[in-house]
$ cat input.txt   # compact mmCIF, C-alpha atoms
# COMPACT_ATOMS: atom_id res chain seq x y z
CA ALA A 1 53.13 52.79 120.58
CA ALA A 2 54.28 55.46 118.14
CA SER A 3 50.94 57.27 118.35
CA LEU A 4 51.29 57.35 122.14
CA ASP A 5 54.88 58.56 121.91
CA VAL A 6 56.17 55.66 123.99
CA VAL A 7 58.87 53.06 123.40
CA LEU A 8 57.93 49.53 124.41
CA HIS A 9 60.17 46.75 125.68
CA GLY A 10 58.63 43.37 126.44
CA ALA A 11 59.57 41.34 129.51
CA HIS A 12 58.66 37.72 130.24
CA LEU A 13 59.77 35.52 133.12
CA ASP A 14 59.74 31.72 133.07
CA HIS A 15 59.14 30.80 136.72
CA GLY A 16 60.44 27.28 136.17
CA LEU A 17 57.33 25.76 137.76
CA ARG A 18 55.79 24.10 134.69
CA PRO A 19 58.43 22.06 132.83
CA GLY A 20 57.73 22.03 129.12
CA ALA A 21 54.77 24.39 129.25
CA SER A 22 56.77 27.33 130.58
CA GLU A 23 59.36 26.92 127.81
CA ARG A 24 56.50 26.90 125.30
CA ASP A 25 55.17 30.15 126.79
CA ALA A 26 58.61 31.78 126.58
CA SER A 27 58.93 30.78 122.94
CA PHE A 28 55.48 32.17 122.22
CA VAL A 29 56.40 35.52 123.77
CA ARG A 30 59.68 35.62 121.87
CA GLU A 31 57.94 34.95 118.55
CA THR A 32 55.18 37.47 119.29
CA LEU A 33 57.65 40.22 120.14
CA SER A 34 59.62 39.46 117.00
CA ALA A 35 56.48 39.59 114.85
CA MET A 36 55.60 42.96 116.37
CA GLY A 37 59.11 44.29 115.88
CA LEU A 38 59.59 44.89 119.58
CA PRO A 39 62.68 44.24 121.69
CA GLY A 40 62.26 42.07 124.75
CA SER A 41 63.90 40.40 127.71
CA ILE A 42 63.11 36.77 128.51
CA ALA A 43 64.63 34.96 131.46
CA ARG A 44 64.14 31.95 133.72
CA ARG A 45 64.27 31.90 137.52
CA ASP A 46 64.09 29.08 140.05
CA VAL A 47 61.02 30.20 141.98
CA ALA A 48 60.74 26.86 143.80
CA ALA A 49 64.21 27.26 145.33
CA TYR A 50 63.46 30.90 146.25
CA ARG A 51 60.26 29.80 147.94
CA MET A 52 61.95 27.07 149.98
CA GLU A 53 64.76 29.38 151.01
CA ARG A 54 62.38 32.06 152.31
CA ARG A 55 59.46 29.82 153.33
CA LEU A 56 56.89 31.67 151.25
CA SER A 57 53.67 30.61 149.60
CA PRO A 58 54.04 29.70 145.90
CA GLU A 59 52.11 32.83 144.90
CA GLN A 60 54.14 35.19 147.09
CA ALA A 61 57.44 33.68 145.96
CA ALA A 62 56.47 33.96 142.30
CA ARG A 63 55.34 37.56 142.80
CA GLU A 64 58.58 38.62 144.50
CA VAL A 65 60.78 36.94 141.91
CA ARG A 66 58.70 38.36 139.06
CA TYR A 67 58.86 41.93 140.35
CA ALA A 68 62.60 41.60 140.96
CA PHE A 69 63.01 40.54 137.33
CA LEU A 70 60.88 43.41 136.05
CA GLY A 71 62.93 45.80 138.15
CA GLU A 72 66.15 44.45 136.65
CA VAL A 73 64.82 44.89 133.11
CA ALA A 74 63.51 48.39 133.87
CA LEU A 75 66.92 49.42 135.24
CA ALA A 76 68.81 47.89 132.31
CA GLU A 77 66.55 49.63 129.78
CA ALA A 78 66.31 52.91 131.73
CA ALA A 79 62.53 52.53 131.55
CA ASP A 80 60.26 55.26 132.90
CA ALA A 81 57.61 52.78 134.04
CA ILE A 82 56.71 49.12 134.39
CA VAL A 83 53.37 48.52 132.66
CA LEU A 84 51.23 45.57 133.82
CA ALA A 85 48.17 44.10 132.12
CA HIS A 86 45.81 43.55 135.07
CA THR A 87 42.19 43.85 133.95
CA ALA A 88 38.94 44.84 135.68
CA ASP A 89 38.37 41.16 136.45
CA ASP A 90 41.76 40.93 138.17
CA GLN A 91 40.85 44.02 140.17
CA ALA A 92 37.50 42.53 141.22
CA GLU A 93 39.21 39.33 142.37
CA THR A 94 41.79 41.31 144.34
CA VAL A 95 39.20 43.46 146.09
CA LEU A 96 37.10 40.40 146.91
CA MET A 97 40.13 38.57 148.35
CA HIS A 98 40.82 41.60 150.54
CA VAL A 99 37.20 41.66 151.71
CA ILE A 100 37.43 37.99 152.67
CA ARG A 101 40.58 38.73 154.67
CA GLY A 102 38.92 41.61 156.49
CA SER A 103 40.97 44.42 154.98
CA GLY A 104 40.32 48.06 155.79
CA THR A 105 40.03 50.99 153.42
CA ARG A 106 43.58 50.57 152.13
CA GLY A 107 42.89 46.98 151.09
CA LEU A 108 39.56 47.81 149.48
CA GLN A 109 41.45 49.96 146.98
CA GLY A 110 42.75 46.81 145.38
CA MET A 111 45.40 47.56 142.78
CA LEU A 112 46.06 51.20 141.95
CA PRO A 113 46.14 52.45 138.33
CA SER A 114 49.56 53.92 139.07
CA THR A 115 51.76 53.65 142.09
CA ARG A 116 55.39 53.64 143.06
CA ARG A 117 56.96 50.40 144.26
CA ARG A 118 60.38 49.78 145.75
CA ILE A 119 62.07 46.78 144.18
CA ARG A 120 65.35 45.89 145.81
CA ASP A 121 67.16 49.23 146.10
CA ALA A 122 65.28 51.21 143.46
CA GLU A 123 61.83 52.75 143.16
CA PHE A 124 59.74 52.25 140.04
CA LEU A 125 56.51 53.65 138.65
CA ILE A 126 53.99 50.81 138.21
CA VAL A 127 51.18 51.49 135.72
CA ARG A 128 48.08 49.37 135.11
CA PRO A 129 46.26 50.91 132.12
CA LEU A 130 43.70 48.08 131.73
CA LEU A 131 42.12 48.14 135.20
CA LYS A 132 38.81 49.35 133.76
CA VAL A 133 38.89 46.94 130.81
CA ALA A 134 37.05 43.63 131.20
CA ARG A 135 38.92 40.39 130.53
CA SER A 136 36.26 39.51 127.95
CA ASP A 137 37.13 42.71 126.06
CA THR A 138 40.79 41.73 125.86
CA GLN A 139 39.76 38.31 124.57
CA ALA A 140 37.48 39.88 121.96
CA TYR A 141 40.32 42.19 120.88
CA CYS A 142 42.65 39.23 120.39
CA GLU A 143 40.05 37.42 118.31
CA ALA A 144 39.43 40.49 116.15
CA ALA A 145 43.18 40.95 115.64
CA GLY A 146 43.75 37.30 114.78
CA LEU A 147 45.82 36.68 117.93
CA SER A 148 45.81 33.37 119.77
CA PRO A 149 46.99 33.83 123.37
CA VAL A 150 48.53 30.87 125.18
CA LEU A 151 46.68 29.51 128.20
CA ASP A 152 48.62 29.14 131.43
CA GLU A 153 47.25 25.85 132.75
CA SER A 154 48.15 26.80 136.33
CA ASN A 155 45.27 29.29 136.19
CA LEU A 156 42.92 26.29 136.16
CA SER A 157 44.28 24.87 139.42
CA GLN A 158 41.93 25.02 142.39
CA THR A 159 44.81 25.33 144.86
CA PRO A 160 45.62 29.08 144.83
CA THR A 161 43.06 31.26 146.59
CA ARG A 162 42.83 33.64 143.64
CA ASN A 163 41.97 30.78 141.30
CA ARG A 164 39.20 29.56 143.61
CA VAL A 165 37.83 33.10 143.77
CA ARG A 166 37.93 33.35 139.97
CA LEU A 167 36.61 29.89 139.14
CA ASP A 168 34.15 29.27 142.00
CA LEU A 169 33.18 32.43 143.86
CA MET A 170 32.89 34.96 141.03
CA PRO A 171 30.44 32.81 139.00
CA ARG A 172 28.27 32.45 142.10
CA LEU A 173 28.34 36.20 142.74
CA ARG A 174 27.30 36.85 139.13
CA GLU A 175 24.08 34.95 139.94
CA TYR A 176 23.30 37.73 142.44
CA ASN A 177 24.70 40.58 140.34
CA PRO A 178 25.71 39.97 136.72
CA ALA A 179 27.70 43.21 136.88
CA VAL A 180 29.64 42.23 140.01
CA VAL A 181 33.00 43.02 138.34
CA GLU A 182 31.87 46.59 137.67
CA ALA A 183 30.41 46.85 141.18
CA LEU A 184 33.67 45.78 142.83
CA GLY A 185 35.51 48.22 140.57
CA ARG A 186 33.31 51.05 141.84
CA LEU A 187 33.99 49.92 145.42
CA SER A 188 37.71 50.04 144.72
CA ARG A 189 37.57 53.56 143.32
CA ALA A 190 35.36 54.79 146.18
CA ALA A 191 37.80 53.32 148.70
CA SER A 192 40.69 55.06 146.93
CA ARG A 193 38.92 58.42 147.17
CA ASP A 194 38.16 57.86 150.85
CA PHE A 195 41.68 56.74 151.62
CA ALA A 196 43.18 59.76 149.84
CA PHE A 197 40.87 62.04 151.84
CA VAL A 198 41.87 60.45 155.15
CA GLU A 199 45.56 60.74 154.26
CA GLU A 200 45.10 64.44 153.51
CA ALA A 201 43.10 64.93 156.71
CA LEU A 202 45.77 63.24 158.80
CA ASP A 203 48.38 65.54 157.28
CA ASP A 204 46.23 68.50 158.26
CA VAL A 205 45.93 67.21 161.82
CA TRP A 206 49.67 66.64 162.00
CA ARG A 207 50.26 70.27 161.09
CA VAL A 208 47.97 71.38 163.95
CA PHE A 209 49.62 69.35 166.70
CA GLU A 210 52.95 69.55 168.43
CA ILE A 211 53.93 66.03 169.36
CA GLU A 212 56.65 65.42 171.92
CA ARG A 213 58.12 62.25 173.36
CA HIS A 214 57.96 61.94 177.12
CA ARG A 215 59.18 59.26 179.40
CA GLU A 216 55.68 57.78 179.61
CA GLY A 217 55.12 57.86 175.87
CA LEU A 218 53.24 60.33 173.70
CA HIS A 219 52.12 63.79 174.81
CA VAL A 220 49.78 65.81 172.61
CA ASN A 221 50.02 69.52 173.25
CA GLY A 222 46.95 71.65 172.62
CA SER A 223 43.26 71.15 171.99
CA SER A 224 43.10 72.59 168.50
CA VAL A 225 41.93 69.27 167.09
CA TRP A 226 38.50 70.85 166.99
CA ALA A 227 39.81 73.24 164.34
CA CYS A 228 39.61 70.34 161.93
CA GLY A 229 35.84 70.38 162.29
CA GLU A 230 34.06 67.58 160.52
CA ARG A 231 37.32 66.03 159.37
CA ARG A 232 38.04 64.98 162.96
CA ASN A 233 35.13 62.53 162.93
CA LYS A 234 36.31 61.05 159.65
CA ILE A 235 39.80 60.51 161.05
CA VAL A 236 38.48 58.85 164.19
CA ASP A 237 36.31 56.52 162.08
CA GLU A 238 39.26 55.47 159.95
CA LYS A 239 41.96 55.13 162.61
CA ALA A 240 41.61 51.36 162.80
CA HIS A 241 42.19 51.07 159.06
CA LEU A 242 45.25 53.27 158.87
CA GLY A 243 47.26 51.81 161.72
CA ARG A 244 46.90 48.84 164.03
CA GLN A 245 49.49 49.90 166.63
CA GLU A 246 48.40 50.73 170.13
CA ALA A 247 49.20 54.27 171.24
CA PRO A 248 51.65 54.59 174.14
CA ALA A 249 50.51 55.59 177.58
CA GLY A 250 50.41 59.26 178.48
CA ILE A 251 48.04 60.58 175.84
CA ASP A 252 46.45 63.68 177.28
CA GLY A 253 42.84 64.82 177.15
CA VAL A 254 39.99 64.01 174.83
CA ASN A 255 42.23 63.94 171.75
CA GLY A 256 43.47 60.40 172.36
CA ASP A 257 41.63 58.94 169.40
CA ILE A 258 43.35 61.32 167.01
CA ALA A 259 46.74 60.63 168.57
CA ARG A 260 46.19 56.90 168.13
CA ALA A 261 45.42 57.48 164.48
CA LEU A 262 48.66 59.42 164.17
CA VAL A 263 50.66 56.54 165.64
CA GLY A 264 49.95 54.53 162.53
CA ARG A 265 50.61 57.46 160.20
CA LYS A 266 53.88 59.08 161.28
CA HIS A 267 57.17 58.10 162.87
CA LEU A 268 57.18 59.87 166.20
CA ASP A 269 60.95 60.02 166.47
CA GLN A 270 61.17 62.22 163.40
CA PRO A 271 57.94 64.18 162.93
CA SER A 272 57.75 65.77 159.53
CA VAL A 273 55.57 68.55 158.23
CA ARG A 274 54.95 68.75 154.52

$ encode --input "input.txt" --output "structure tokens"
Amino acid sequence: AASLDVVLHGAHLDHGLRPGASERDASFVRETLSAMGLPGSIARRDVAAYRMERRLSPEQAAREVRYAFLGEVALAEAADAIVLAHTADDQAETVLMHVIRGSGTRGLQGMLPSTRRRIRDAEFLIVRPLLKVARSDTQAYCEAAGLSPVLDESNLSQTPTRNRVRLDLMPRLREYNPAVVEALGRLSRAASRDFAFVEEALDDVWRVFEIERHREGLHVNGSSVWACGERRNKIVDEKAHLGRQEAPAGIDGVNGDIARALVGRKHLDQPSVR
């Protein structure tokens, strides 16, 4: 940490879902942080009660409670970022789950190396520095360093979708492509580049148009969409991925496809130009 000019603060949440085992995990984290000379925050939350109250899946409830806790720690420590340890294997599983669900370009990005996330009433920088590092590499590092990580037995359950993808589907896909993790990582990065391009192109289109609200709905003034040249085709191709809303009636002329794309991109009541 000193060589990177960063100050680390560990954070661990006991979700209260595995009596006995979760307390063991918390103790392990506490001892590890102490051995490394690092400060840390360890807490316990009743995820089961949170889930019942909000009628969420176990995974979604745990995720929301966990991020809320990390946000609390980041605020208390005035942290510049929340750093997560997702690996290339986690990324591959995420992308594959999104493919199964029929996600568009946004979903194919999977998890981003860095992004901003609003947690409660604050916005935090989320960083994932290990997204290109294989899980096997982290295991090899621990062995070389004499570290013995604790296994979370819930990761062996066949109930959560992610676990079934990890334990059943990924091994089958490796029979077709032993480098499937790397392949899905490349797909994620390609999707990110495409999505960034479409976002930029939509901003360019927004600058070209004057959009007004009429009684019937949306009115697009002007035919200068053609000024965007080849970008127009890209935007039309991606409109279904960027917004699922139907455009209101009253869209004029041949530019309706672009206007529909804009419906999912901007709030029409308060058009903004950056």

$ closest_residue --input "input.txt" --among "A:Pro113, A:Pro160, A:Gly102, A:Pro171" --to "Pro58 of chain A" --atoms "only C-alpha atoms"
A:Pro160

$ atom_distance --input "input.txt" --atom1 "atom CA of Ala76 of chain A" --atom2 "atom CA of Asp90 of chain A"
28.5 Å

$ closest_residue --input "input.txt" --among "A:Glu143, A:Glu93, A:Asp14, A:Asp203" --to "Val181 of chain A" --atoms "all atoms listed in the file"
A:Glu93

$ closest_residue --input "input.txt" --among "A:Lys132, A:Arg18, A:His9, A:Arg162" --to "Ala81 of chain A" --atoms "only C-alpha atoms"
A:His9

$ closest_residue --input "input.txt" --among "A:Ser22, A:Leu131, A:Leu17, A:Glu72" --to "Asp46 of chain A" --atoms "only C-alpha atoms"
A:Leu17

$ residues_around --input "input.txt" --residues "Leu84 of chain A" --least-positions-apart "6" --cutoff "9 Å" --atoms "all atoms listed in the file" --output "tab-separated table (two decimals) with C-alpha atoms, in the frame of the given file"
chain	number	residue	atom	x	y	z
A	126	ILE	CA	53.99	50.81	138.21
A	127	VAL	CA	51.18	51.49	135.72
A	128	ARG	CA	48.08	49.37	135.11
A	129	PRO	CA	46.26	50.91	132.12
A	130	LEU	CA	43.70	48.08	131.73

$ residues_around --input "input.txt" --residues "Leu156 of chain A" --least-positions-apart "5" --cutoff "10 Å" --atoms "only C-alpha atoms" --output "PyMOL selection string"
chain A and resi 151+163-164+166-167

$ closest_residue --input "input.txt" --among "A:Val133, A:Leu13, A:Ala88, A:Met36" --to "Val65 of chain A" --atoms "all atoms listed in the file"
A:Leu13

$ atom_distance --input "input.txt" --atom1 "atom CA of Leu33 of chain A" --atom2 "atom CA of Arg135 of chain A"
21.4 Å

$ residues_near_point --input "input.txt" --point "(57.4, 34.8, 137.2)" --cutoff "9 Å" --atoms "all atoms listed in the file" --output "ChimeraX atom specification"
/A:12-16,44-45,47,61-67,69

$ axis_aligned_box --input "input.txt" --around "segment 18-25 of chain A" --padding-each-side "8 Å" --output "lines of an AutoDock Vina configuration file"
center_x = 57.1
center_y = 26.1
center_z = 130.0
size_x = 20.6
size_y = 24.1
size_z = 25.4

$ atom_distance --input "input.txt" --atom1 "atom CA of Arg51 of chain A" --atom2 "atom CA of Glu123 of chain A"
23.5 Å

$ closest_residue --input "input.txt" --among "A:Phe124, A:Pro39, A:Glu175, A:Arg106" --to "Leu70 of chain A" --atoms "all atoms listed in the file"
A:Phe124
